[in-house]
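**Q** Just entry.csv, nothing more (CSV, C-alpha atoms):
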chain,number,residue,atom,x,y,z
A,1,LYS,CA,-3.6,-9.9,1.4
A,2,GLY,CA,-7.0,-9.6,-0.1
A,3,LEU,CA,-6.9,-5.9,-0.8
A,4,MET,CA,-6.0,-3.6,-3.6
A,5,THR,CA,-3.1,-1.2,-3.1
A,6,TYR,CA,-2.1,1.6,-5.5
A,7,VAL,CA,1.6,1.6,-6.5
A,8,GLU,CA,3.8,3.6,-8.7
A,9,HIS,CA,5.1,2.2,-12.0
A,10,SER,CA,8.6,1.8,-10.6
A,11,ASP,CA,7.2,-0.1,-7.6
A,12,GLN,CA,5.3,-2.4,-9.8
A,13,GLU,CA,8.3,-3.1,-11.9
A,14,ARG,CA,10.3,-3.9,-8.8
A,15,TYR,CA,7.6,-6.3,-7.6
A,16,MET,CA,7.7,-8.0,-11.1
A,17,ASP,CA,11.4,-8.4,-10.9
A,18,ASP,CA,11.2,-9.8,-7.3
A,19,LEU,CA,8.6,-12.3,-8.3
A,20,GLY,CA,10.4,-13.2,-11.5
A,21,ARG,CA,8.8,-12.1,-14.7
A,22,ASN,CA,8.8,-15.7,-16.0
A,23,ASN,CA,6.6,-16.7,-13.1
A,24,VAL,CA,3.7,-14.6,-14.4
A,25,ARG,CA,1.1,-17.1,-15.4
A,26,GLN,CA,-1.3,-15.0,-17.4
A,27,VAL,CA,-1.4,-11.5,-18.9
A,28,SER,CA,-4.8,-10.2,-20.0
A,29,SER,CA,-6.4,-6.9,-20.6
A,30,GLY,CA,-9.2,-5.8,-18.4
A,31,GLY,CA,-10.6,-3.6,-15.7
A,32,SER,CA,-14.1,-3.6,-14.3
A,33,VAL,CA,-15.9,-1.8,-17.2
A,34,ALA,CA,-13.6,-3.2,-19.9
A,35,ASN,CA,-14.3,-6.8,-18.7
A,36,SER,CA,-18.1,-6.0,-18.8
A,37,MET,CA,-17.8,-4.5,-22.3
A,38,ILE,CA,-15.8,-7.5,-23.6
A,39,VAL,CA,-18.5,-9.9,-22.2
A,40,MET,CA,-21.3,-7.8,-23.8
A,41,SER,CA,-19.4,-8.0,-27.1
A,42,HIS,CA,-19.1,-11.8,-26.9
A,43,PHE,CA,-22.8,-12.0,-26.4
A,44,GLY,CA,-23.3,-10.0,-29.6
A,45,ALA,CA,-23.8,-6.5,-28.3
A,46,ASN,CA,-22.4,-3.6,-30.4
A,47,ALA,CA,-20.2,-2.1,-27.7
A,48,PHE,CA,-18.0,1.0,-27.6
A,49,PHE,CA,-15.3,1.6,-24.9
A,50,SER,CA,-13.7,4.9,-24.1
A,51,CYS,CA,-10.5,4.6,-22.1
A,52,ARG,CA,-7.0,6.1,-21.9
A,53,ILE,CA,-4.0,3.9,-22.7
A,54,GLY,CA,-0.4,4.8,-23.4
A,55,LYS,CA,2.0,4.4,-26.4
A,56,ASP,CA,3.7,1.4,-24.8
A,57,ALA,CA,3.7,-2.4,-25.1
A,58,SER,CA,0.9,-2.7,-22.5
A,59,GLY,CA,-1.2,-0.2,-24.5
A,60,ASP,CA,-0.5,-2.1,-27.7
A,61,LYS,CA,-1.7,-5.3,-26.1
A,62,TYR,CA,-4.8,-3.7,-24.5
A,63,TYR,CA,-5.9,-2.1,-27.8
A,64,ASN,CA,-5.3,-5.3,-29.8
A,65,ASP,CA,-7.3,-7.3,-27.2
A,66,MET,CA,-10.2,-4.8,-27.3
A,67,LYS,CA,-10.3,-5.1,-31.1
A,68,ALA,CA,-10.0,-8.9,-31.0
A,69,ALA,CA,-13.0,-8.9,-28.7
A,70,GLY,CA,-15.0,-6.9,-31.2
A,71,LEU,CA,-15.1,-3.7,-29.3
A,72,HIS,CA,-15.1,-0.3,-30.9
A,73,CYS,CA,-12.8,2.1,-29.0
A,74,ASN,CA,-12.1,5.8,-28.9
A,75,PHE,CA,-8.5,5.0,-30.0
A,76,ASP,CA,-9.9,3.8,-33.4
A,77,SER,CA,-10.0,7.5,-34.3
A,78,MET,CA,-7.6,9.3,-32.0
A,79,PRO,CA,-3.9,9.0,-31.0
A,80,ARG,CA,-2.9,7.3,-27.7
A,81,ALA,CA,-1.4,9.3,-24.9
A,82,GLU,CA,2.2,9.5,-24.0
A,83,GLY,CA,3.1,7.6,-20.8
A,84,PHE,CA,2.5,4.1,-19.4
A,85,THR,CA,-0.7,2.2,-19.6
A,86,GLY,CA,-2.2,1.2,-16.2
A,87,ARG,CA,-1.6,-2.3,-15.0
A,88,CYS,CA,-2.8,-4.4,-12.1
A,89,LEU,CA,-0.6,-7.2,-10.8
A,90,VAL,CA,-2.8,-9.8,-9.2
A,91,LYS,CA,-1.3,-12.4,-6.8
A,92,ILE,CA,-3.6,-15.3,-6.0
A,93,THR,CA,-2.9,-17.4,-3.0
A,94,PRO,CA,-3.7,-21.1,-2.7
A,95,ASP,CA,-6.8,-20.3,-0.7
A,96,ALA,CA,-8.1,-18.3,-3.8
A,97,ASP,CA,-7.7,-14.9,-2.1
A,98,ARG,CA,-6.3,-12.2,-4.4
A,99,THR,CA,-4.1,-9.3,-3.7
A,100,MET,CA,-3.8,-6.5,-6.3
A,101,LEU,CA,-1.1,-4.0,-6.8
A,102,THR,CA,-2.5,-1.4,-9.2
A,103,TYR,CA,-0.7,1.2,-11.2
A,104,LEU,CA,-3.3,3.5,-12.8
A,105,GLY,CA,-0.9,4.9,-15.3
A,106,THR,CA,-2.2,7.3,-17.9
A,107,SER,CA,-5.8,6.1,-17.3
A,108,ILE,CA,-6.0,8.5,-14.3
A,109,GLU,CA,-5.9,11.4,-16.9
A,110,LEU,CA,-9.0,10.3,-18.8
A,111,CYS,CA,-10.8,13.4,-19.8
A,112,GLU,CA,-13.7,14.7,-21.9
A,113,GLN,CA,-11.6,14.8,-25.0
A,114,GLN,CA,-11.3,11.0,-24.9
A,115,LEU,CA,-15.1,10.6,-25.0
A,116,ASN,CA,-16.8,9.8,-28.3
A,117,LEU,CA,-20.0,11.7,-27.8
A,118,GLU,CA,-21.5,10.5,-31.1
A,119,ALA,CA,-21.1,6.9,-30.1
A,120,LEU,CA,-22.7,7.7,-26.8
A,121,LYS,CA,-25.7,9.4,-28.4
A,122,ASN,CA,-26.2,6.2,-30.4
A,123,SER,CA,-26.2,4.0,-27.3
A,124,LYS,CA,-28.9,2.4,-25.2
A,125,TYR,CA,-26.7,2.3,-22.0
A,126,LEU,CA,-23.8,4.2,-20.5
A,127,TYR,CA,-21.8,2.2,-18.0
A,128,VAL,CA,-19.5,4.4,-15.8
A,129,GLU,CA,-16.5,3.2,-13.9
A,130,GLY,CA,-16.6,4.4,-10.3
A,131,TYR,CA,-12.8,4.9,-10.2
A,132,LEU,CA,-13.3,8.0,-12.4
A,133,THR,CA,-14.3,9.8,-9.2
A,134,THR,CA,-10.7,9.7,-8.0
A,135,SER,CA,-9.5,12.0,-10.8
A,136,PRO,CA,-10.8,15.6,-11.5
A,137,THR,CA,-10.6,15.1,-15.2
A,138,GLY,CA,-12.2,11.6,-15.0
A,139,LEU,CA,-15.0,12.8,-12.8
A,140,GLN,CA,-15.7,15.6,-15.3
A,141,ALA,CA,-15.7,13.2,-18.2
A,142,ALA,CA,-18.2,11.0,-16.3
A,143,LYS,CA,-20.4,14.0,-15.5
A,144,THR,CA,-20.3,15.0,-19.1
A,145,ALA,CA,-21.2,11.5,-20.3
A,146,ILE,CA,-24.0,11.2,-17.8
A,147,LYS,CA,-25.5,14.5,-18.7
A,148,LEU,CA,-25.5,13.7,-22.4
A,149,ALA,CA,-26.9,10.3,-21.7
A,150,LYS,CA,-29.8,11.7,-19.7
A,151,GLU,CA,-30.5,14.3,-22.3
A,152,ASN,CA,-30.8,11.5,-24.9
A,153,GLY,CA,-32.8,9.0,-22.9
A,154,ILE,CA,-29.9,6.7,-22.4
A,155,LYS,CA,-29.9,4.5,-19.3
A,156,VAL,CA,-27.0,5.0,-16.9
A,157,ALA,CA,-25.3,2.4,-14.7
A,158,ILE,CA,-22.2,2.8,-12.5
A,159,THR,CA,-19.9,0.3,-11.0
A,160,LEU,CA,-19.0,1.2,-7.4
A,161,SER,CA,-15.6,-0.5,-8.0
A,162,ASP,CA,-14.2,-1.0,-4.6
A,163,PRO,CA,-15.4,-0.3,-1.0
A,164,ASP,CA,-12.6,2.2,-0.4
A,165,ILE,CA,-13.7,4.2,-3.5
A,166,VAL,CA,-17.2,4.5,-2.0
A,167,LYS,CA,-15.9,5.4,1.4
A,168,ASN,CA,-13.3,7.9,0.3
A,169,PHE,CA,-15.1,9.5,-2.7
A,170,LYS,CA,-18.7,9.3,-1.6
A,171,PRO,CA,-19.5,13.0,-2.3
A,172,GLN,CA,-18.3,12.7,-5.9
Turn the structure described in the file into structure tokens.

**A**
Amino acid sequence: KGLMTYVEHSDQERYMDDLGRNNVRQVSSGGSVANSMIVMSHFGANAFFSCRIGKDASGDKYYNDMKAAGLHCNFDSMPRAEGFTGRCLVKITPDADRTMLTYLGTSIELCEQQLNLEALKNSKYLYVEGYLTTSPTGLQAAKTAIKLAKENGIKVAITLSDPDIVKNFKPQ
């Protein structure tokens, strides 16, 4: 209770079956940086979001939600990856505590090829997701984006995501 636990796709499917899929109250796209980008877009910012989603129903929803929020996205100009889109099952108890069962899916394979470097060069800010430190390709993508941002006078911010990310991946 109150923590985030990584699970495999099959485990998350089993949890959904055990809970009863018709008991799911809300399905929404998100993630720390995605949520921030959506809010920025709602406040009128011209925002661009680089991510990795799969060719599945969750990926369709995610992409459509990003577009409905007014976000420009790397998948406007490139094909989506094979595999499952990451998902987070959030259980909220009556005392408002949340427990998250997170399947990272294809997002764990985000890499430099998914970056739109031209969009970055035309930005004022780069906002980096701390979870990228958990993946070698994600970490390299973050480093590439940060280097390009610094070379072009773009301000860089990072979300530290979760206390365990900081504790377990501090050197990265």

**Q** Show which residues sit within 6 Å of range 121-128 of chain A, as a PyMOL selection string. Count all atoms listed in the file, and ignore same-chain residues fewer than 3 positions away.

**A** chain A and resi 118+154-158

**Q** For those residues, write C-alpha atoms to a file as a PDB file, in the frame of the given file.

**A**
ATOM      1  CA  GLU A 118     -21.500  10.500 -31.100  1.00  0.00           C
ATOM      2  CA  ILE A 154     -29.900   6.700 -22.400  1.00  0.00           C
ATOM      3  CA  LYS A 155     -29.900   4.500 -19.300  1.00  0.00           C
ATOM      4  CA  VAL A 156     -27.000   5.000 -16.900  1.00  0.00           C
ATOM      5  CA  ALA A 157     -25.300   2.400 -14.700  1.00  0.00           C
ATOM      6  CA  ILE A 158     -22.200   2.800 -12.500  1.00  0.00           C
TER       7      ILE A 158
END

**Q** So, counting all atoms listed in the file, which residue among A:Lys1, A:Arg52, A:Lys147, A:Lys167 is closest to Gln113 in chain A?

**A**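 Among the listed residues, A:Arg52 lies closest to Gln113 in chain A.
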
**Q** Neighbours of Arg98 in chain A within 6 Å (only C-alpha atoms; same-chain residues fewer than 4 positions away dropped), as a ChimeraX atom specification?

**A** /A:2,91-92

**Q** For Ala142 in chain A, which of A:Glu112, A:Asp164, A:Asp97, A:Glu8 is the closest residue, counting all atoms listed in the file?

**A**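 Of all the options, A:Glu112 lies closest to Ala142 in chain A.
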
**Q** Can you tell me, as a ChimeraX atom specification, what residues are no more than 6 Å from Lys55 in chain A when counting all atoms listed in the file, ignoring any on the same chain fewer than 2 positions away?

**A** /A:59,80,82

**Q** Could you check the closest approach to Asp56 in chain A for each of A:Thr106, A:Arg21, A:Asp76, A:Gly153 and tell me which residue wins, using all atoms listed in the file?

**A**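 Of A:Thr106, A:Arg21, A:Asp76, A:Gly153, the one nearest Asp56 in chain A is A:Thr106, counting all atoms listed in the file.
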
**Q** If we count only C-alpha atoms, what is near Asp65 in chain A at a cut-off of 12 Å, once residues fewer than 4 positions away on the same chain are taken out, given as a ChimeraX atom specification?

**A** /A:27-30,34-35,37-38,58-61,69-73

**Q** Using only C-alpha atoms, which residue out of A:Ala81, A:Leu19, A:Met100, A:Met66 lies closest to Thr5 in chain A?

**A** A:Met100

**Q** Some atoms are missing, so please complete range 111-122 of chain A with all heavy atoms and return it as a short mmCIF file (atom, residue, chain, number, x, y, z; two decimals), in the coordinates of the input.

**A**
data_model
loop_
_atom_site.label_atom_id
_atom_site.label_comp_id
_atom_site.auth_asym_id
_atom_site.auth_seq_id
_atom_site.Cartn_x
_atom_site.Cartn_y
_atom_site.Cartn_z
N CYS A 111 -10.12 12.13 -19.85
CA CYS A 111 -10.80 13.40 -19.80
C CYS A 111 -11.88 13.45 -20.92
O CYS A 111 -12.01 12.52 -21.72
CB CYS A 111 -9.80 14.55 -20.03
SG CYS A 111 -8.92 14.50 -21.60
N GLU A 112 -12.63 14.52 -20.93
CA GLU A 112 -13.70 14.70 -21.90
C GLU A 112 -13.29 14.47 -23.32
O GLU A 112 -14.05 13.95 -24.13
CB GLU A 112 -14.37 16.05 -21.73
CG GLU A 112 -15.12 16.25 -20.44
CD GLU A 112 -15.63 17.66 -20.31
OE1 GLU A 112 -14.81 18.55 -20.03
OE2 GLU A 112 -16.85 17.85 -20.51
N GLN A 113 -12.07 14.88 -23.66
CA GLN A 113 -11.60 14.80 -25.00
C GLN A 113 -11.47 13.33 -25.49
O GLN A 113 -11.44 13.06 -26.68
CB GLN A 113 -10.26 15.51 -25.21
CG GLN A 113 -10.36 17.02 -25.13
CD GLN A 113 -10.61 17.55 -23.72
OE1 GLN A 113 -10.23 16.95 -22.73
NE2 GLN A 113 -11.30 18.67 -23.64
N GLN A 114 -11.40 12.38 -24.55
CA GLN A 114 -11.30 11.00 -24.90
C GLN A 114 -12.70 10.35 -25.14
O GLN A 114 -12.79 9.21 -25.55
CB GLN A 114 -10.56 10.16 -23.87
CG GLN A 114 -9.09 10.05 -24.16
CD GLN A 114 -8.30 11.07 -23.39
OE1 GLN A 114 -8.58 11.36 -22.25
NE2 GLN A 114 -7.28 11.62 -24.01
N LEU A 115 -13.75 11.08 -24.84
CA LEU A 115 -15.10 10.60 -25.00
C LEU A 115 -15.49 10.66 -26.52
O LEU A 115 -15.15 11.64 -27.18
CB LEU A 115 -16.11 11.33 -24.21
CG LEU A 115 -15.91 11.32 -22.70
CD1 LEU A 115 -16.97 12.21 -22.04
CD2 LEU A 115 -15.96 9.91 -22.15
N ASN A 116 -16.22 9.70 -27.00
CA ASN A 116 -16.80 9.80 -28.30
C ASN A 116 -18.29 10.05 -28.11
O ASN A 116 -19.08 9.12 -27.88
CB ASN A 116 -16.57 8.50 -29.11
CG ASN A 116 -17.10 8.60 -30.53
OD1 ASN A 116 -18.19 9.10 -30.76
ND2 ASN A 116 -16.31 8.11 -31.47
N LEU A 117 -18.67 11.32 -28.15
CA LEU A 117 -20.00 11.70 -27.80
C LEU A 117 -21.04 11.22 -28.84
O LEU A 117 -22.19 10.93 -28.49
CB LEU A 117 -20.11 13.22 -27.62
CG LEU A 117 -19.20 13.77 -26.49
CD1 LEU A 117 -19.32 15.28 -26.40
CD2 LEU A 117 -19.51 13.11 -25.17
N GLU A 118 -20.63 11.08 -30.09
CA GLU A 118 -21.50 10.50 -31.10
C GLU A 118 -21.85 9.08 -30.84
O GLU A 118 -22.99 8.64 -30.97
CB GLU A 118 -20.96 10.73 -32.51
CG GLU A 118 -21.04 12.15 -33.02
CD GLU A 118 -22.44 12.74 -32.96
OE1 GLU A 118 -23.39 12.09 -33.46
OE2 GLU A 118 -22.61 13.85 -32.41
N ALA A 119 -20.83 8.32 -30.45
CA ALA A 119 -21.10 6.90 -30.10
C ALA A 119 -22.02 6.83 -28.91
O ALA A 119 -22.92 5.99 -28.88
CB ALA A 119 -19.74 6.21 -29.79
N LEU A 120 -21.83 7.72 -27.93
CA LEU A 120 -22.70 7.70 -26.80
C LEU A 120 -24.14 8.05 -27.16
O LEU A 120 -25.08 7.40 -26.71
CB LEU A 120 -22.19 8.70 -25.71
CG LEU A 120 -23.03 8.86 -24.45
CD1 LEU A 120 -23.27 7.51 -23.78
CD2 LEU A 120 -22.39 9.84 -23.50
N LYS A 121 -24.33 9.04 -28.01
CA LYS A 121 -25.70 9.40 -28.40
C LYS A 121 -26.41 8.26 -29.13
O LYS A 121 -27.63 8.21 -29.13
CB LYS A 121 -25.62 10.62 -29.39
CG LYS A 121 -25.31 11.92 -28.72
CD LYS A 121 -25.26 13.04 -29.75
CE LYS A 121 -24.79 14.33 -29.15
NZ LYS A 121 -24.67 15.40 -30.18
N ASN A 122 -25.66 7.35 -29.72
CA ASN A 122 -26.20 6.20 -30.40
C ASN A 122 -26.33 4.97 -29.55
O ASN A 122 -26.53 3.87 -30.06
CB ASN A 122 -25.43 5.90 -31.69
CG ASN A 122 -25.56 7.01 -32.70
OD1 ASN A 122 -26.66 7.48 -32.97
ND2 ASN A 122 -24.44 7.45 -33.23
#
